[in-house]
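*Asks:* Handing you this structure, nothing more for now.
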Amino acid sequence: DGLNVLPHLIFVVEPFGSFPLPVLYCQQSVIRFRPPQEDSSDTFYQWSDIAFDTSRLPRKKDRHFITKCKPADPDALMGHLTGTSSNLSSSMFDSSTFLYGVRMSPGVPDTKSCTVVVAPPLLIENLLPCTLEYSLICKRSGQTTVEGEIERGMERPVHFLGGSDQSTLSFKLAGFVSRAVVEVGTSLSTETLELLDDQKRVLVLRLEFSSSDNVRKVLVYCKYWFINKTGLRLLYKQMYLGYIAAGQSKWEREVCKLADNPADWYDDSRTEKSQEKPFLFDYVPKIDIRESRVSVKIADSTWSKGIVLGGEGSSGIIEISDSFQPGKPTRYFELVAYIERGRTKYWRTKVVVFAPRYVVVNQTESNITFAQAPHDGKGQAYELQPQAQLPFHWPNLNGISRVQVKQSQNDWLWSGYFPIDNIGSFTFKMRNKDATKVYLAKVDIRIKKKTTFICISPENEEYPVYRIDNCTENILLLLKQKGYETVDYVPPQAKRPYAWDEYTQTQQTLRVQFDKGSGIVREFQLDELREYPAVEVFDRKERMTVLLSCEVFAEGPTKVLSVKQLYNLGLEDDATRKFEEEEKRLDLIVNIDNIGISLVNEVPEELLFLTLAKISCEYGKTNLESKLDFRIGYLQLDNQLYEPNIYPVAIIPIHTPQHSVFFHITFVKNMASKSIDFFKYFSVLIQEMDIMMDEVVILKVLNFVNVIMQFYEEREEEVENVEEQRVVQASTSESKMMYFQLLHLNPIKVNVTFTHVSGISSELYETKLASVLKRTGGLVNIDGAPLELNGFLWQHPFSSRDDLLSRISLHYVDGLIREVHKLLGAADVLGSPISLLGSVRTGMHDFFHEPHKGLVQSPTDYGIGIVRGTQSLVRSSVYGIFNTTHKITGSIGNGMANMSVDPDYVREREALNRERPRHVGEGIAHGMRDFSVGLFRGVTGVVTDPVKGLQREGAVGLGKGMVGGVVGFFTKPAVGAIDFVSKTAEGIKNTTSYMDESCYRRRRPPRHFGQDKVLRSYNHRKSEGQELLYTLEDGKYLEEWYIYHFAVGIKHIVVSNVRIFCIQGKRQEWAVPISEVKGVQFIPKDVIVLLLAHYSTSSVFETPTNKRIIPLTNTPAAPQAEKIFICLLERLKNLKHPSLAPRPEN
């Protein structure tokens, strides 16, 4: 207490904690700091040498400082530190002064609050996947003052410094020692540090330095982490260096040959556990000009070809030949390597994952054996138990790249050959030796994390790929795949699933012999749905000739070859099948008029507001099928930001009389199928829409999404996740298959408009996409680019959900790539030629179509059609021509404004450009205004620019200002003239659509937030008043807080935390600071009078007065005049005396 009236207050603030200073100590007190004492009887440190006076906030340059706490008793401190801390060396007492970095920042504007942040002067963060040892070394004595360990992902504060310019840092890792030291006070933002292993090989670590408010932060990370998920021992080396990468000495000494049985390769007792952890790697600087590459080997194999460690998302295949062994075929290993960006705070590191290219998964109920084809009984074959999986590598480098599979029992034969690098699914057949047993298996080949998984499972019994239906009475069917001699039999009145003996990618043919010894053979293409000519066959049992019909048709996902007698059918078919009665189980009808969804970030501020209207859902379910019909009649997404507010509506559909529904999804699902999801029909429709966004709202939404993603990522163990599996794994559970008789996704059309906004805070450019927007700058301005994505129509698809989604996403990605040229054609810098052509095309279409449509109805309608067509042609042509003129002149004006070398003028001009003319009158008015501004700034800039430069940068700024003033004298008036043409053209363009602007208004005002920033239920009245305040004078008062408002006829009285406004439209008639109001009077004739402290006037034509009169007579507010007066009086009282204000209402 500076007046020695209050007792001394000692408080302890926990790490990352806070302590509110009592009010009585906020006037005449001083604050000092020191490390907390474990025992109050021992005082090891004195209070800090710099005190903070609470009675005043220091000047801006004095708000950041380093304060020192010197030892109170050096001998006692030495004994205390030696006995309690193992990470401080005995020589540290040369610089044993405890240091704090202190930062003071003012709190809420117009208050005297202040936040004091105390931090260590040096902070070291370990962004490596292992423990990091550090040492702080005094430059003068060369002795270590502080040393310790930092666990992975953790930070370590350092308070003992002899001055950052007098200390160096050294680091160690397990098995490595530091080759050099780095200075703590280096002026560089990045630095490299070389560590040496026991063979003197170099590992390069990277350091990143940053300083903020007298706190120096050092980040230690490695550029690459190698994650080995192959299950094999890998060695790495940088090509053209001649030796392996640092840190692998132990593995190099213990190189051994791999066992013959691959199952033994992945035995935990034989695998080096330390290879499960991330391996640190970075390229060692070299003189060789060849591109740096990484080579890999497995155990004692040869080295692979070099691979380039590219950017995030890149991948490649690594081919490795085993070492030569006399009398044995050479094994051939295939690995995949892909690069991911480290998550959360590890984003500086690229994670390179090595995994097997192929993994075989057994999803059957019995052991299977697989081998490289052709297997002659002598080569390597690998047995796999049920629900197990094993990486597959080729046993013979010179063999073919196909495999064979069989049941592991000795009496089973090998299947046909099939490839394992074609994504998709197919069915193959396995037989026993005497052909009495046949097993159909399905192979599903899919890619997960760049590894190809070959999943072998039983064929679906309910819906096989092929089925042979023998509906005859006495005719035996003998089946052979063309080119193969193995025969399958289908007895009369039987159904049998079928698969090819040998899978090929080309169309295959089935040869069918009708009865033994008949010699009648026909060929069928099972993948072609059609009828075949009838076949005459002699029925030996009935001693007669019968006529057989043959047809291939689809029954759900199954392709069926049906052979029937044309009379006296013995196997029941669809016509004679017992009819199953349909039973109603559920009917649900839901209608919702409106749904509103608000997106609010952590500031808080409302970013977007989504409106869904006219929602209907009809769902019916029986024992045979279920039906869904879901519709959204209208959708609108509003941009709720007040600044820059270029497009208040972000997404809005383009409704036509023919299409009154924005979103429509309908399907019919067969409920009788249990093993698959069987859809008879599935359709999705999305109507045409406009998407209009500026850069600010996109960046804020991206940052919001980034915060959510970081929240979920930080709940996971970042480093542990890359170690939890030694070998990459696939789920052994079979995903449910989906079948559609017809899948119909309708075409989508989106008109994209995007506007770049300059002068955005760098804090918004934190996400990856945000950095792309920053680099492209103003060249990405797009005006109504019509992106059209073709529909997706697919009959009889039968696949897993993941495969189906992959195909659909690939379809739309390809469609977007084909539409990129339209984005370029809609760029402002080119005058948006796409928009011009589209407008003229629309006008020409209406010019001929409208009269033709009227002629069909009546002569009167024909005349009306001529008028409508002509109007559309003129309106569209005017819109297109003047829109192009506006875009081209605007781009020229932007370029010339940047040449003026006056950032203040550029910002002022951009603010003016955000106010867009609604019609030709406003276009001319805005153009005249912009020309006047350019002329005025150009003439006065000759004097003002040198003065501003002198104030900012001294003599150098004076020279820059003189050059800028001369350049601006010529460029600014020219820019003003160009803006006049651009604004006039924009006004003419907007006149053609002036009557349609009501379609592009927000559904409701942005959500209101008070000074306490608490999220409450939406209040329309407060939100309306906030909108009046924040849209006033082009957002001039965005920093103030809305308090209260009421209407006075066509005018509004708005009270903020700083001023009282009288507003008409978006223009203020007068504004009075709260501090100037000395009283409020209520006159019986419904008049409120504000009494001011000084005389003032709102315009040059008024007489100065110390009153502001608010007449409520003859207005809708007159009956509540007294109530309004009381509310206004209470709010003003609370603003002028905040300590007496009640708690805010909910």
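Here's how to read the names in the structure tokens: chain A, B, ... by the order shown, residue numbers from 1 in each chain, ligand numbers from 1 in the order shown.
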Name the residues in contact with stretch 331-345 of chain A at a cut-off of 6 Å, using only C-alpha atoms, excluding same-chain residues fewer than 2 positions from it; report them as an MDAnalysis selection string.
*Replies:* chainID A and resid 312:322 347 349:357 393:397
*Asks:* Write to file, as a short mmCIF file (atom, residue, chain, number, x, y, z; two decimals), in the first residue's frame, the residues of the selection just made, with C-alpha atoms.
*Replies:*
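Written file, selection_34.cif:
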data_model
loop_
_atom_site.label_atom_id
_atom_site.label_comp_id
_atom_site.auth_asym_id
_atom_site.auth_seq_id
_atom_site.Cartn_x
_atom_site.Cartn_y
_atom_site.Cartn_z
CA GLU A 312 2.08 -33.36 -47.61
CA GLY A 313 -0.11 -35.96 -49.29
CA SER A 314 2.58 -37.26 -51.64
CA SER A 315 3.23 -41.00 -51.79
CA GLY A 316 5.19 -43.59 -53.69
CA ILE A 317 6.03 -47.28 -54.03
CA ILE A 318 9.39 -48.60 -52.83
CA GLU A 319 10.74 -51.71 -54.56
CA ILE A 320 13.44 -53.71 -52.78
CA SER A 321 15.15 -56.92 -53.96
CA ASP A 322 16.40 -59.35 -51.35
CA TRP A 347 2.63 -29.20 -37.87
CA THR A 349 7.18 -31.86 -38.97
CA LYS A 350 6.43 -34.13 -41.92
CA VAL A 351 5.55 -37.67 -40.87
CA VAL A 352 6.77 -40.24 -43.41
CA VAL A 353 4.99 -43.57 -42.94
CA PHE A 354 6.44 -46.79 -44.38
CA ALA A 355 3.92 -49.63 -44.75
CA PRO A 356 3.56 -52.84 -46.76
CA ARG A 357 1.98 -52.38 -50.15
CA HIS A 393 5.67 -59.75 -50.51
CA TRP A 394 6.55 -61.60 -53.70
CA PRO A 395 8.63 -64.76 -53.08
CA ASN A 396 10.01 -64.73 -56.63
CA LEU A 397 11.21 -61.57 -58.31
#
*Asks:* Need to verify the contact set: A:Ala911, 10 Å, only C-alpha atoms, exclusion of same-chain residues closer than 6 positions in sequence. Can you return it as an MDAnalysis selection string?
*Replies:* chainID A and resid 644 905 1034:1035
*Asks:* Only N, CA, C and O atoms, please: the residues just picked out, written as a JSON list (two decimals), in the first residue's frame.
*Replies:*
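Full text of result20.json as output:
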[["chain", "number", "residue", "atom", "x", "y", "z"],
["A", 644, "PRO", "N", -16.86, -6.84, -43.61],
["A", 644, "PRO", "CA", -17.20, -5.71, -44.47],
["A", 644, "PRO", "C", -18.64, -5.74, -44.99],
["A", 644, "PRO", "O", -19.07, -4.78, -45.62],
["A", 905, "TYR", "N", -4.94, 6.06, -48.42],
["A", 905, "TYR", "CA", -5.88, 6.31, -49.51],
["A", 905, "TYR", "C", -6.48, 5.01, -50.03],
["A", 905, "TYR", "O", -7.68, 4.94, -50.33],
["A", 1034, "ASP", "N", -21.56, 3.53, -42.34],
["A", 1034, "ASP", "CA", -20.67, 2.50, -42.88],
["A", 1034, "ASP", "C", -19.82, 1.83, -41.81],
["A", 1034, "ASP", "O", -18.63, 1.58, -41.98],
["A", 1035, "GLY", "N", -20.45, 1.52, -40.66],
["A", 1035, "GLY", "CA", -19.74, 0.79, -39.62],
["A", 1035, "GLY", "C", -18.78, 1.61, -38.81],
["A", 1035, "GLY", "O", -17.81, 1.07, -38.26]]
*Asks:* For atom CA of A:Leu413 and atom CA of A:Phe426, quote the distance in Å rounded to one decimal.
*Replies:*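 Answer for the atom CA of A:Leu413 to atom CA of A:Phe426 separation: 19.3 Å.
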*Asks:* Rounded to one decimal place, report the atom CA of A:Leu207-atom CA of A:Arg140 distance in Å.
*Replies:* 23.2 Å
*Asks:* Do you have the atom CA of A:Leu127-atom CA of A:Gly148 distance handy?
*Replies:*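 Interatomic distance, atom CA of A:Leu127 to atom CA of A:Gly148: 15.8 Å.
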